[in-house]
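A.B. asks: I'd like to ask some things about the structure below.
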Amino acid sequence: MRVFQVDTAWTDENLRIGERPEPTAGPGEVRLKMLASALNYRDLLVPRRGYGSRMQALPLIMLSDGVGHIDQVGSGVDAYRIGDRVCPLFFSTWPGGEPSAEHLAYSLGCESDGTMTEYMVVPASTVVPVPAHLDDTEAATLPTAAVTAWRALVTEGRVTAGDTVLVQGTGGVSLFALQFAKLLGARVICTSSSDEKLERARELGADVTINYRSTPEWGRVARDAAGSGGVDHVIEVGGQGTLTQSLRAVRPGGAISMIGVLGGSVMDAPLGLVVTRHVRLQGITVGSREDFLAMSRAVAHSGMRPVVDRAFAFEQLREAMQYLASGRHFGKICIRH
């Protein structure tokens with residue numbers, strides 16, 4: 001079977017199509033015929049061994065997001081049937097509850113092989129059915145970005161109707177957070193450097209938009225727009241480059257979900273604003289199977305559709321990664337198998 005993998009050395013040049021034996025489902029396992037995959041920013045770091053010694057030895061199959069049809073069911077599996085469409089979990093060892101070293105130990109496309117393959121064999125306990133109304137590319141976007149946004153706002157954030165949520169940019173996590181916040185009845189403030197993208201965010205339901213290039217001190221503007229002392233919950237994806245403004249935007253007693261560090265990974269912010277204003281700064285790394293199931297029910301009930309910017313062919317993974325790195329996308333970038 002064909003796979004797209006980092007082959008013999010940790011470099012971008014060694015990212016190529018290869019061949020592997022076709023796997024067979026054993027006891028307690030299911031085999032997925034993969035239909036689509038989706039990219040996340042972390043995938044740009046993987047070919048350069050960006051996550052260090054924790055990563056699986058080469059060769060390593062790329063990407064953590066995907067969806068497939070079950071085409072083999074191993075003995076002892078009663079929950080699934082051939083033909084069921086499911087996503088494999090990002091964390092195969094996190095069924096539910098609080099995060100732990102064990103729960104965070106194995107993620108697809110990093111500590112274990114990912115979804116850029118014709119067939120995957122995984123334990124039946126590590127897949128989740130997807131909402132029937134989603135097409136394959138939409139379904140493929142759920143395991144990482146959608147679960148991350150859900151855990152930030154719902155599991156950890158406890159966002160309710162009437163709250164104000166600030167989302168940074170228009171990438172996958174931020175747009176899922178925008179959509180989930182609106183499902184919860186919250187107001188949404190969205191930042192971007194592109195007026196065109198901000199217009200599209202308003203079409204998705206954003207109540208207030210701020211161009212951070214023309215308004216560098218956007219934190220104060222967001223705080224004033226939120227009223228009641230500031231924003232209740234910030235989806236923080238910039239890190240070093242944006243945390244100071246997020247701290248100025250958030251209300252006393254509010255929360256900042258630290259999800260990405262696209263603007264730098266060094267802490268360079270007035271920490272007094274965290275302490276004296278009782279702000280909760282919470283790291284978020286995807287979520288559990290329980291989170292996925294709850295999120296999937298909400299998507300199915302509401303009819304919400306993920307925002308897919310563009311889908312590439314299997315052979316075009318390199319081009320898809322270059323497009324992701326360019327920052328031109330609005331929403332998720334997918335791969336059709």
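Residues are named by chain letter and number: chains run A, B, ... in the order of the structure tokens, numbers start at 1 in each chain, and ligands are numbered from 1 in the order shown.
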Looking only at helix (DSSP H, G or I) from DSSP on the backbone, list the matching residues of range 13-162 of chain A as a ChimeraX atom specification.
C.D. replies: /A:13-14,42-48,52-54,124-126,136-140,142-156
A.B. asks: For Val159 in chain A, find every residue with an atom within 9 Å (counting only C-alpha atoms), except residues of its own chain fewer than 5 positions away, and show them as a ChimeraX atom specification.
C.D. replies: /A:153-154,164-165,181,184-186,232-233
A.B. asks: Grab the residues selected above and save them as an mmCIF file, in the first residue's frame with N, CA and C atoms.
C.D. replies:
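And here is the file that came out, result-v1.cif:
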```
data_model
loop_
_atom_site.group_PDB
_atom_site.id
_atom_site.type_symbol
_atom_site.label_atom_id
_atom_site.label_comp_id
_atom_site.auth_asym_id
_atom_site.auth_seq_id
_atom_site.Cartn_x
_atom_site.Cartn_y
_atom_site.Cartn_z
ATOM 1 N N LEU A 153 -13.105 25.581 25.079
ATOM 2 C CA LEU A 153 -14.290 26.371 25.391
ATOM 3 C C LEU A 153 -15.274 25.658 26.313
ATOM 4 N N VAL A 154 -15.418 24.348 26.160
ATOM 5 C CA VAL A 154 -16.467 23.626 26.874
ATOM 6 C C VAL A 154 -15.919 22.868 28.077
ATOM 7 N N THR A 164 -18.276 36.446 26.214
ATOM 8 C CA THR A 164 -17.568 36.949 25.038
ATOM 9 C C THR A 164 -16.275 36.163 24.866
ATOM 10 N N VAL A 165 -16.080 35.638 23.664
ATOM 11 C CA VAL A 165 -14.902 34.841 23.323
ATOM 12 C C VAL A 165 -14.110 35.588 22.260
ATOM 13 N N ALA A 181 -18.422 28.681 19.803
ATOM 14 C CA ALA A 181 -18.852 29.777 20.677
ATOM 15 C C ALA A 181 -20.240 30.262 20.279
ATOM 16 N N LEU A 184 -22.864 27.983 21.473
ATOM 17 C CA LEU A 184 -23.078 28.119 22.912
ATOM 18 C C LEU A 184 -23.795 29.408 23.275
ATOM 19 N N GLY A 185 -24.015 30.280 22.309
ATOM 20 C CA GLY A 185 -24.696 31.541 22.567
ATOM 21 C C GLY A 185 -23.781 32.665 22.984
ATOM 22 N N ALA A 186 -22.487 32.534 22.723
ATOM 23 C CA ALA A 186 -21.513 33.556 23.106
ATOM 24 C C ALA A 186 -21.353 34.589 21.992
ATOM 25 N N ASP A 232 -14.294 37.272 28.246
ATOM 26 C CA ASP A 232 -14.369 36.148 29.189
ATOM 27 C C ASP A 232 -13.352 35.058 28.869
ATOM 28 N N HIS A 233 -13.124 34.780 27.581
ATOM 29 C CA HIS A 233 -12.255 33.661 27.205
ATOM 30 C C HIS A 233 -11.516 34.003 25.912
#
```
A.B. asks: Let me make sure I understand: among A:Pro99, A:Gly260, A:Gly171, A:Pro143, which one has the smallest atom-to-atom distance to Arg42 in chain A if we use only C-alpha atoms?
C.D. replies: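 Residue with the minimum atom-to-atom distance to Arg42 in chain A: A:Gly260.
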A.B. asks: Do you know which residues are at most 10 Å from Gln316 in chain A counting only C-alpha atoms, after dropping those on the same chain fewer than 4 positions away, and could you put them as a JSON list (two decimals) with N, CA and C atoms, in the first residue's frame?
C.D. replies:
```json
[["chain", "number", "residue", "atom", "x", "y", "z"],
["A", 4, "PHE", "N", 2.61, 8.19, 2.72],
["A", 4, "PHE", "CA", 3.43, 9.40, 2.57],
["A", 4, "PHE", "C", 4.15, 9.57, 3.90],
["A", 311, "ALA", "N", -8.80, 21.29, -0.79],
["A", 311, "ALA", "CA", -8.39, 19.89, -0.68],
["A", 311, "ALA", "C", -7.41, 19.56, -1.80],
["A", 312, "PHE", "N", -6.31, 18.91, -1.44],
["A", 312, "PHE", "CA", -5.28, 18.49, -2.37],
["A", 312, "PHE", "C", -5.36, 16.98, -2.60],
["A", 320, "ALA", "N", 0.50, 20.95, -0.31],
["A", 320, "ALA", "CA", -0.45, 21.32, 0.74],
["A", 320, "ALA", "C", 0.27, 21.93, 1.94],
["A", 321, "MET", "N", 1.42, 21.38, 2.29],
["A", 321, "MET", "CA", 2.19, 21.91, 3.41],
["A", 321, "MET", "C", 2.75, 23.29, 3.10],
["A", 322, "GLN", "N", 3.17, 23.50, 1.85],
["A", 322, "GLN", "CA", 3.65, 24.83, 1.45],
["A", 322, "GLN", "C", 2.52, 25.85, 1.53],
["A", 335, "ILE", "N", -6.53, 16.63, 2.48],
["A", 335, "ILE", "CA", -5.97, 15.74, 1.48],
["A", 335, "ILE", "C", -7.02, 14.68, 1.14],
["A", 336, "ARG", "N", -7.33, 14.53, -0.14],
["A", 336, "ARG", "CA", -8.22, 13.45, -0.57],
["A", 336, "ARG", "C", -7.40, 12.22, -0.91]]
```
A.B. asks: Would you please work out which residue, of A:Val127, A:Cys334, A:Ala132, A:Met1, is nearest to Pro95 in chain A when using only C-alpha atoms?
C.D. replies: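 The answer is A:Val127, which sits nearest to Pro95 in chain A.
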A.B. asks: In Å, rounded to a single decimal, give me how far CA of Leu44 in chain A is from CA of Glu19 in chain A.
C.D. replies: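 Atom-to-atom, CA of Glu19 in chain A and CA of Leu44 in chain A are spaced 22.0 Å apart.
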A.B. asks: Between CA of Ala38 in chain A and CA of Thr137 in chain A, what is the spacing in Å?
C.D. replies: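 Going from CA of Thr137 in chain A over to CA of Ala38 in chain A, I get 7.4 Å.
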A.B. asks: When you look at Ser92 in chain A with a cut-off of 9 Å (counting only C-alpha atoms), what residues show up, excluding the ones that are within fewer than 2 positions of it in the same chain? I need them as a count of residues only.
C.D. replies: 18
